[in-house]
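Trainee: Following this message is one structure expressed as structure tokens.
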Amino acid sequence: MAETARSWAARGAWAGIAQAGQLGATGPAGVTATLLDGFGLATLIAAPGGAAALSQAIVARLGIALPAMPKIASSASHDVIWSGPDQWLLRATTREGFGSLLEALSAQAAVSDQSDARAALRLSGPRVRDVLAKGVMLDLHPAAFAVGDTGLTSIAHIGVHLWRLADGPDGSVFEIMVARSMVGSFWSWFAASAAEFGCRVSTGRG
Amino acid sequence: MRITCPHCGARDAQEFSYLGAADLQRPEGMAASEAAMATYVYQRDNPAGVHRELWYHAAGCHAWLVVTRDTRSHEITAVEVAKVRKAGATA
């Protein structure tokens with residue numbers, strides 16, 4: 001019975017796939033990766049013609065409006081991320097109160113909790129775009145992909161959702177979300193691609 | 001070949017999957033003759049030139065698009081969201 005109980009214990013999307021440490025080349029890290037865990041995530045799909053009402057409900061509760069373009073809008077505790085026409089991801093930094101928020105929004109949208117369904121990674125560092133260029137078909141240069149832009153695309157045939165956050169001390173900061181079932185394959189691509197630049201891997205919340 | 005998705009911008013064709021001709025009209029219900037149904041299901045033009053066709057943005061926004069493409073040069077002259085076009089046609 002003890003065996004059964006242990007095998008059913010909850011574990012994060014990165015467990016058994018990636019862990020904190022140094023990856024590839026030693027010396028100053030060209031890329032910094034933060035394995036994100038503990039966030040709440042849901043898909044929101046507005047009914048035809050219902051996007052404005054849904055956006056108003058989000059503004060009233062969270063103080064952020066749903067972007068009509070491929071953009072991300074953020075408050076201190078929540079992000080809304082465009083994920084297709086009349087579709088968004090809603091992310092909360094913690095899962096506390098997330099269920100009741102989704103319950104309240106379900107009057108305005110088709111809501112589906114995806115908190116355990118995706119793995120998320122935050123990437124920064126002086127060589128971050130060199131790593132991403134090995135797999136991402138989008139132009140991520142600041143002239144083409146601004147802070148707050150998001151894109152749905154694929155990396156190594158794996159569907160990904162990525163966006164650019166406000167710049168950090170090392171320049172551009174990106175977050176990438178992949179389906180949890182594909183995270184092993186994704187990490188295989190990432191680890192091989194980042195190795196030549198050296199990557200510092202840490203864990204974080206959000 | 002790159003297709004400019006109205007939602008996502010210019011993307012490589014490998015993000016999309018192809019369905020075929022965009023303007024087929026299904027014959028009306030049970031009244032259609034066998035020959036008309038056979039034509040609808042099997043007969044396709046194979047133009048050397050401008051072709052309107054359906055593409056699905058599978059690795060992006062998951063929208064169906066109507067792409068107007070020259071089959072000789074792959075030049076794309078228009079990309080519309082199929083849902084919008086359909087809504088317009090039935091209105």
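Just so we're on the same page: first chain in the structure tokens is A, next is B, and so on; residues restart at 1 for each chain, and ligands are numbered from 1 in the order they show up.
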Identify, on the basis of only C-alpha atoms, every residue whose closest approach to B:His51 does not exceed 9 Å; exclude the query and any residue fewer than 2 positions from it along the same chain; express the result as a list in words.

Mentor: Ala21, Ala22, Asn46, Pro47, Ala48, Gly49, Glu53, Val67, Thr68, Arg69, Asp70 and Thr71 of chain B

Trainee: Output N, CA and C atoms for every residue in the selection just made, as a PDB file, in the first residue's frame.

Mentor:
```pdb
ATOM      1  N   ALA B  21      -9.405  22.454 -52.038  1.00  0.00           N
ATOM      2  CA  ALA B  21     -10.169  23.565 -52.613  1.00  0.00           C
ATOM      3  C   ALA B  21     -11.127  24.172 -51.593  1.00  0.00           C
ATOM      4  N   ALA B  22     -11.222  25.498 -51.600  1.00  0.00           N
ATOM      5  CA  ALA B  22     -11.985  26.201 -50.568  1.00  0.00           C
ATOM      6  C   ALA B  22     -13.438  26.427 -50.941  1.00  0.00           C
ATOM      7  N   ASN B  46      -7.516  21.114 -61.260  1.00  0.00           N
ATOM      8  CA  ASN B  46      -6.080  21.104 -60.942  1.00  0.00           C
ATOM      9  C   ASN B  46      -5.438  22.270 -61.680  1.00  0.00           C
ATOM     10  N   PRO B  47      -5.779  23.493 -61.266  1.00  0.00           N
ATOM     11  CA  PRO B  47      -5.401  24.655 -62.071  1.00  0.00           C
ATOM     12  C   PRO B  47      -3.898  24.952 -62.010  1.00  0.00           C
ATOM     13  N   ALA B  48      -3.359  25.355 -63.169  1.00  0.00           N
ATOM     14  CA  ALA B  48      -2.022  25.944 -63.193  1.00  0.00           C
ATOM     15  C   ALA B  48      -2.242  27.443 -63.128  1.00  0.00           C
ATOM     16  N   GLY B  49      -2.273  27.970 -61.903  1.00  0.00           N
ATOM     17  CA  GLY B  49      -2.587  29.388 -61.757  1.00  0.00           C
ATOM     18  C   GLY B  49      -3.203  29.642 -60.397  1.00  0.00           C
ATOM     19  N   GLU B  53      -7.682  27.872 -51.568  1.00  0.00           N
ATOM     20  CA  GLU B  53      -7.559  26.591 -50.861  1.00  0.00           C
ATOM     21  C   GLU B  53      -7.582  26.782 -49.348  1.00  0.00           C
ATOM     22  N   VAL B  67      -6.609  30.517 -48.431  1.00  0.00           N
ATOM     23  CA  VAL B  67      -5.409  31.102 -49.022  1.00  0.00           C
ATOM     24  C   VAL B  67      -5.577  31.133 -50.538  1.00  0.00           C
ATOM     25  N   THR B  68      -5.339  32.282 -51.139  1.00  0.00           N
ATOM     26  CA  THR B  68      -5.351  32.398 -52.599  1.00  0.00           C
ATOM     27  C   THR B  68      -3.906  32.343 -53.074  1.00  0.00           C
ATOM     28  N   ARG B  69      -3.583  31.267 -53.778  1.00  0.00           N
ATOM     29  CA  ARG B  69      -2.185  30.979 -54.118  1.00  0.00           C
ATOM     30  C   ARG B  69      -2.074  30.663 -55.603  1.00  0.00           C
ATOM     31  N   ASP B  70      -1.005  31.131 -56.219  1.00  0.00           N
ATOM     32  CA  ASP B  70      -0.708  30.766 -57.605  1.00  0.00           C
ATOM     33  C   ASP B  70       0.087  29.463 -57.572  1.00  0.00           C
ATOM     34  N   THR B  71      -0.495  28.405 -58.139  1.00  0.00           N
ATOM     35  CA  THR B  71       0.144  27.082 -58.022  1.00  0.00           C
ATOM     36  C   THR B  71       1.451  26.996 -58.816  1.00  0.00           C
TER      37      THR B  71
END
```

Trainee: Taking only C-alpha atoms into account, what are the residues of chain A at most 10 Å from chain B, put as an mmCIF file with C-alpha atoms, in the first residue's frame?

Mentor:
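The resulting selection-v6.cif:
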```cif
data_model
loop_
_atom_site.group_PDB
_atom_site.id
_atom_site.type_symbol
_atom_site.label_atom_id
_atom_site.label_comp_id
_atom_site.auth_asym_id
_atom_site.auth_seq_id
_atom_site.Cartn_x
_atom_site.Cartn_y
_atom_site.Cartn_z
ATOM 1 C CA ALA A 68 -7.113 41.243 -28.906
ATOM 2 C CA MET A 69 -3.707 40.785 -30.561
ATOM 3 C CA PRO A 70 -0.965 38.208 -29.807
ATOM 4 C CA TRP A 82 -3.522 35.630 -26.171
ATOM 5 C CA SER A 83 -3.714 32.056 -27.450
ATOM 6 C CA GLY A 84 -5.845 32.300 -30.576
ATOM 7 C CA PRO A 85 -8.883 34.264 -31.780
ATOM 8 C CA GLN A 87 -8.934 32.489 -26.664
ATOM 9 C CA MET A 137 10.981 29.905 -36.605
ATOM 10 C CA LEU A 138 9.925 33.379 -35.407
ATOM 11 C CA THR A 150 3.433 36.300 -27.718
ATOM 12 C CA GLY A 151 3.495 33.605 -30.359
ATOM 13 C CA LEU A 152 2.157 30.106 -30.839
ATOM 14 C CA THR A 153 4.598 28.084 -32.888
ATOM 15 C CA SER A 154 6.608 24.896 -32.735
ATOM 16 C CA ILE A 155 10.105 23.918 -31.656
ATOM 17 C CA HIS A 157 7.876 19.660 -33.941
ATOM 18 C CA ILE A 158 6.637 20.338 -30.410
ATOM 19 C CA GLY A 159 3.855 22.906 -30.049
ATOM 20 C CA VAL A 160 5.009 25.796 -27.858
ATOM 21 C CA HIS A 161 3.563 29.040 -26.598
#
```

Trainee: May I ask for the distance between atom CA of A:Gly135 and atom CA of A:Trp189, given in Å to one decimal place?

Mentor: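 Computed distance, atom CA of A:Gly135 to atom CA of A:Trp189, equals 8.2 Å.
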
Trainee: Which value, in Å to one decimal, gives the distance between atom CA of B:Glu80 and atom CA of B:Leu65?

Mentor: 5.6 Å

Trainee: List as a compact mmCIF listing (two decimals) with C-alpha atoms, in the first residue's frame the protein and nucleic acid residues near A:Ser202, meaning an atom at most 7 Å away when only C-alpha atoms are counted, but skip any in the same chain fewer than 3 places from it.

Mentor:
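Wrote it out as selection-v6.txt, contents follow:
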```txt
# COMPACT_ATOMS: atom_id res chain seq x y z
CA ALA A 20 18.78 22.94 -10.86
CA GLY A 21 22.46 23.03 -11.76
CA ALA A 33 16.75 28.90 -17.28
CA THR A 34 14.20 28.95 -14.48
CA LEU A 35 11.92 25.92 -14.21
```
